[in-house]
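Source file upload.txt; content: compact mmCIF, C-alpha atoms.
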# COMPACT_ATOMS: atom_id res chain seq x y z
CA MET X 130 16.07 -142.06 -44.34
CA SER X 131 16.06 -139.61 -41.43
CA ILE X 132 14.85 -136.04 -41.70
CA ALA X 133 18.44 -134.80 -41.26
CA VAL X 134 19.65 -137.00 -44.13
CA GLY X 135 16.76 -135.81 -46.31
CA LEU X 136 17.56 -132.17 -45.52
CA THR X 137 21.23 -132.85 -46.20
CA LEU X 138 20.57 -134.34 -49.64
CA THR X 139 18.15 -131.51 -50.42
CA ALA X 140 20.65 -128.87 -49.28
CA ALA X 141 23.43 -130.42 -51.36
CA LEU X 142 21.30 -130.66 -54.50
CA LEU X 143 19.96 -127.13 -54.02
CA ALA X 144 23.46 -125.69 -53.53
CA ALA X 145 24.81 -127.52 -56.57
CA GLY X 146 21.88 -126.38 -58.73
CA ALA X 147 22.11 -122.78 -57.52
CA GLY X 148 25.86 -122.82 -58.13
CA VAL X 149 25.44 -124.04 -61.69
CA ALA X 150 22.82 -121.33 -62.35
CA LYS X 151 25.12 -118.59 -60.98
CA LEU X 152 28.05 -119.91 -63.03
CA ALA X 153 25.94 -119.41 -66.13
CA SER X 154 24.41 -116.08 -65.08
CA PRO X 155 26.08 -114.26 -62.16
CA ARG X 156 24.74 -110.75 -62.85
CA THR X 157 21.68 -110.81 -60.53
CA ALA X 158 23.78 -112.08 -57.62
CA VAL X 159 26.37 -109.37 -58.32
CA GLU X 160 23.65 -106.70 -58.19
CA ALA X 161 22.19 -108.15 -54.96
CA MET X 162 25.63 -108.09 -53.31
CA ARG X 163 26.33 -104.54 -54.47
CA ALA X 164 22.94 -103.41 -53.15
CA VAL X 165 24.14 -104.19 -49.62
CA ARG X 166 27.60 -102.74 -50.31
CA LEU X 167 29.49 -106.02 -50.53
CA PRO X 168 32.32 -106.34 -53.00
CA ALA X 169 31.04 -108.13 -56.07
CA SER X 170 32.00 -109.01 -59.60
CA ASP X 171 31.11 -111.72 -62.09
CA THR X 172 34.41 -113.42 -61.27
CA LEU X 173 33.81 -113.35 -57.51
CA VAL X 174 30.25 -114.68 -57.85
CA ARG X 175 31.41 -117.41 -60.24
CA ALA X 176 34.16 -118.45 -57.81
CA ALA X 177 31.63 -118.67 -54.97
CA ALA X 178 29.23 -120.54 -57.27
CA LEU X 179 31.96 -123.05 -58.11
CA ALA X 180 32.49 -123.57 -54.37
CA GLU X 181 28.73 -124.15 -53.97
CA VAL X 182 28.78 -126.80 -56.68
CA ALA X 183 31.87 -128.44 -55.20
CA LEU X 184 30.44 -128.48 -51.66
CA GLY X 185 27.13 -129.85 -52.88
CA ALA X 186 28.88 -132.61 -54.81
CA LEU X 187 31.18 -133.40 -51.88
CA VAL X 188 28.24 -133.71 -49.48
CA LEU X 189 26.45 -136.03 -51.92
CA ALA X 190 29.53 -138.18 -52.48
CA THR X 191 31.09 -138.47 -49.02
CA ASP X 192 29.99 -139.35 -45.50
CA GLY X 193 32.38 -136.89 -43.87
CA TRP X 194 31.19 -134.34 -41.33
CA LEU X 195 33.56 -131.63 -42.57
CA ALA X 196 31.86 -131.14 -45.93
CA ARG X 197 28.46 -131.00 -44.23
CA LEU X 198 29.65 -128.38 -41.76
CA ALA X 199 31.23 -126.36 -44.57
CA LEU X 200 27.95 -126.38 -46.50
CA ALA X 201 26.06 -125.51 -43.29
CA LEU X 202 28.36 -122.50 -42.88
CA ALA X 203 27.59 -121.47 -46.46
CA TYR X 204 23.85 -121.63 -45.73
CA LEU X 205 24.37 -119.60 -42.54
CA GLY X 206 26.22 -117.05 -44.68
CA PHE X 207 23.28 -116.95 -47.12
CA ALA X 208 20.90 -116.40 -44.19
CA ALA X 209 23.10 -113.59 -42.83
CA PHE X 210 23.25 -111.97 -46.28
CA SER X 211 19.46 -112.16 -46.53
CA ILE X 212 19.02 -110.57 -43.10
CA VAL X 213 21.35 -107.72 -44.07
CA ALA X 214 19.45 -107.17 -47.33
CA ILE X 215 16.09 -107.22 -45.55
CA SER X 216 17.37 -104.84 -42.85
CA ALA X 217 18.66 -102.46 -45.51
CA GLY X 218 15.16 -102.31 -46.98
CA ARG X 219 16.43 -103.12 -50.44
CA ALA X 220 13.90 -104.85 -52.68
CA GLU X 221 16.51 -106.65 -54.79
CA PRO X 222 16.18 -110.01 -56.52
CA CYS X 223 18.26 -112.59 -54.67
CA GLY X 224 20.26 -113.97 -57.58
CA CYS X 225 20.18 -117.35 -55.85
CA PHE X 226 19.48 -119.16 -59.10
CA GLY X 227 21.11 -116.98 -61.68
CA ARG X 228 18.77 -114.79 -63.69
CA SER X 229 15.58 -116.01 -62.11
CA GLY X 230 14.98 -114.47 -58.77
CA SER X 231 12.57 -112.91 -56.41
CA VAL X 232 12.94 -110.19 -53.84
CA ILE X 233 15.03 -111.31 -50.87
CA GLY X 234 12.72 -112.09 -47.96
CA TRP X 235 12.29 -113.99 -44.75
CA ARG X 236 11.54 -117.17 -46.69
CA HIS X 237 15.22 -117.12 -47.72
CA VAL X 238 16.36 -116.81 -44.11
CA VAL X 239 14.10 -119.59 -42.83
CA THR X 240 14.97 -121.98 -45.68
CA ASP X 241 18.70 -121.37 -45.21
CA LEU X 242 18.51 -121.90 -41.45
CA VAL X 243 16.47 -125.11 -41.76
CA LEU X 244 18.91 -126.54 -44.30
CA ALA X 245 21.90 -125.53 -42.15
CA ALA X 246 20.30 -127.23 -39.13
CA GLY X 247 19.76 -130.41 -41.14
CA LEU X 248 23.38 -130.38 -42.29
CA VAL X 249 24.71 -129.88 -38.75
CA THR X 250 22.45 -132.63 -37.40
CA ALA X 251 23.56 -135.03 -40.13
CA ALA X 252 27.20 -134.13 -39.51
CA ALA X 253 26.83 -134.87 -35.80
CA GLY X 254 25.00 -138.14 -36.45
CA ASN X 255 27.18 -139.21 -39.37
CA GLY X 256 24.20 -139.98 -41.62
CA PRO X 257 24.86 -141.63 -44.96
CA SER X 258 25.73 -139.73 -48.12
CA ALA X 259 23.78 -140.24 -51.34
CA ALA X 260 26.62 -142.41 -52.61
CA ARG X 261 26.49 -144.67 -49.55
CA LEU X 262 22.70 -144.92 -49.71
CA VAL X 263 22.98 -146.15 -53.30
CA ARG X 264 25.72 -148.64 -52.36
CA LEU X 265 23.68 -150.00 -49.43
CA SER X 266 20.45 -150.30 -51.35
CA PRO X 267 20.23 -149.10 -54.94
CA SER X 268 16.45 -148.76 -54.87
CA LEU X 269 16.34 -146.98 -51.49
CA GLY X 270 19.26 -144.77 -52.49
CA ALA X 271 17.72 -143.83 -55.84
CA GLY X 272 14.36 -143.18 -54.17
CA SER X 273 15.96 -141.02 -51.49
CA ILE X 274 17.81 -139.00 -54.10
CA ALA X 275 14.63 -138.61 -56.17
CA VAL X 276 12.68 -137.34 -53.14
CA ALA X 277 15.50 -134.92 -52.25
CA PHE X 278 15.64 -133.74 -55.88
CA VAL X 279 11.91 -132.94 -55.82
CA ALA X 280 12.35 -131.17 -52.47
CA ALA X 281 15.23 -129.12 -53.92
CA LEU X 282 13.09 -128.15 -56.94
CA LEU X 283 10.26 -127.12 -54.62
CA ALA X 284 12.66 -125.10 -52.47
CA ALA X 285 14.06 -123.37 -55.57
CA SER X 286 10.55 -122.57 -56.72
CA PHE X 287 9.65 -121.27 -53.25
CA LEU X 288 12.74 -119.05 -53.13
CA SER X 289 12.99 -117.75 -56.67
CA GLY X 290 10.65 -119.46 -59.06
CA PRO X 291 6.98 -119.51 -59.91
CA MET X 292 5.89 -120.03 -56.29
CA ALA X 293 7.76 -116.89 -55.17
CA ARG X 294 6.41 -114.78 -58.01
CA ALA X 295 2.86 -116.04 -57.50
CA ARG X 296 2.95 -115.00 -53.83
CA PRO X 297 5.17 -111.89 -53.59
CA GLU X 298 3.73 -111.08 -50.18
CA MET X 299 5.61 -114.15 -48.89
CA ALA X 300 8.80 -112.09 -49.13
CA ASP X 301 7.80 -110.37 -45.91
CA ALA X 302 5.95 -113.26 -44.29
Would you write the structure of this file as C-alpha cells?
Amino acid sequence: MSIAVGLTLTAALLAAGAGVAKLASPRTAVEAMRAVRLPASDTLVRAAALAEVALGALVLATDGWLARLALALAYLGFAAFSIVAISAGRAEPCGCFGRSGSVIGWRHVVTDLVLAAGLVTAAAGNGPSAARLVRLSPSLGAGSIAVAFVAALLAASFLSGPMARARPEMADA
C-alpha cells in the first residue's frame, strides 16, 4: 500500500466518521461557522455532513478519481475555513466531530492539507480503493483498512479528542 493510498483510506474514514458525528450533533459546527460569519443552521450542517459521509463511502468503495478529487476539495475547504477562523482570532471549538471539539488551530490546516494532497496523488495515480484491496487480497485489504482506521482515530484525537485537549498549545503550533 502506497502512502497516497493510505492517506486516501484515512481521509475517507475520517470524513465519514466526522460526518456521522455532525449528523448526530451539528450544534458545535453551527457555532463555529457563525463565529466567522458564515451562514449556518442545523439543517445546513447536517446536509454537509451527509455529503461528507457519502464522499467518504464513495472513496472507500470506488477506484474513480472524481470522488477522490471531490473529497480533496472538501478537505481544502476545511483548511480554508480553519485559516479564516484562525485569522479572525476566534477561539471556537471546531465542531469537526460533533460535540467533541477543540479550538480551531494550525493542526487542522496541516492535517486537512496533507489529506487533500494524498487524495489528489491517489487520484492521479489511480490507486486502489478499499473495496478493490479487499477483492485483490482479503488479508492485505483488511490490514490496510485496519491501519487506516487507526490512523483516522489518531487524527480525530489529534484534531478534537484527548490529544488536542491534553496539548492545547498545539492549536497555535
Report as a Markdown table the residues of region 176-218 of chain X within 7 Å of region 140-156 of chain X, each with its shortest atom pair and distance in Å (one decimal), using all atoms listed in the file, ordered by chain and increasing residue number.
| residue | atom | partner | partner_atom | distance |
| --- | --- | --- | --- | --- |
| X:Ala178 | CA | X:Gly148 | CA | 4.2 |
| X:Leu179 | CA | X:Gly148 | CA | 6.1 |
| X:Glu181 | CA | X:Gly148 | CA | 5.2 |
| X:Val182 | CA | X:Ala145 | CA | 4.0 |
| X:Gly185 | CA | X:Ala141 | CA | 4.0 |
| X:Ala186 | CA | X:Ala145 | CA | 6.8 |
| X:Val188 | CA | X:Ala141 | CA | 6.1 |
| X:Leu189 | CA | X:Ala141 | CA | 6.4 |
Around (28.6, -128.5, -40.0) in the file's frame, which residues reach within 9 Å when counting only C-alpha atoms? Return as a ChimeraX atom specification?
/X:194-202,245-246,248-253
Set the distance at 8 Å and use all atoms listed in the file: which residues neighbour His237 (chain X) once local chain neighbours fewer than 4 positions away are removed? I'd like the list as a list of chain:residue names.
X:Ala208, X:Ser211, X:Ile233, X:Asp241, X:Leu288
Padded axis-aligned box of region 146-151 of chain X (3 Å per side), centre and edge lengths, Å, one decimal, as AutoDock Vina command-line options:
--center_x 23.9 --center_y -122.5 --center_z -59.9 --size_x 10.0 --size_y 13.8 --size_z 10.8
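You will find CA of Ala133 (chain X) at 11.2 Å from CA of Ser258 (chain X).
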List every protein, DNA or RNA residue that has at least one atom no more than 10 Å from (19.9, -110.0, -61.5) in the file's coordinates, counting all atoms listed in the file, and write the result as a ChimeraX atom specification.
/X:154-161,221-231
Could you tell me which of X:Leu205, X:Ser170, X:Ala177, X:Thr240 comes closest to Ala285 (chain X) if we count all atoms listed in the file?
X:Thr240
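CA of Arg163 (chain X) is found 19.5 Å from CA of Trp235 (chain X).
Using all atoms listed in the file for every distance, the candidate list X:Gly193, X:Gly218, X:Gly206, X:Pro257 yields X:Pro257 as the residue closest to Val134 (chain X).
Among the candidates X:Gly247, X:Gly256, X:Gly234, X:Pro168, the one nearest to Thr191 (chain X) when counting all atoms listed in the file is X:Gly256.
The space separating CA of Ala214 (chain X) from CA of Leu242 (chain X) comes to 15.9 Å.
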Using only C-alpha atoms, which residues sit within 8 Å of Thr139 (chain X) once same-chain residues fewer than 2 positions away are excluded, as an NGL selection string?
:X and (135-137 or 141-143 or 244 or 277-278 or 280-281)
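Proximity to Ser289 (chain X) was assessed for X:Leu187, X:Val232, X:Ala176, X:Ala209 counting all atoms listed in the file; the smallest distance is recorded for X:Val232.
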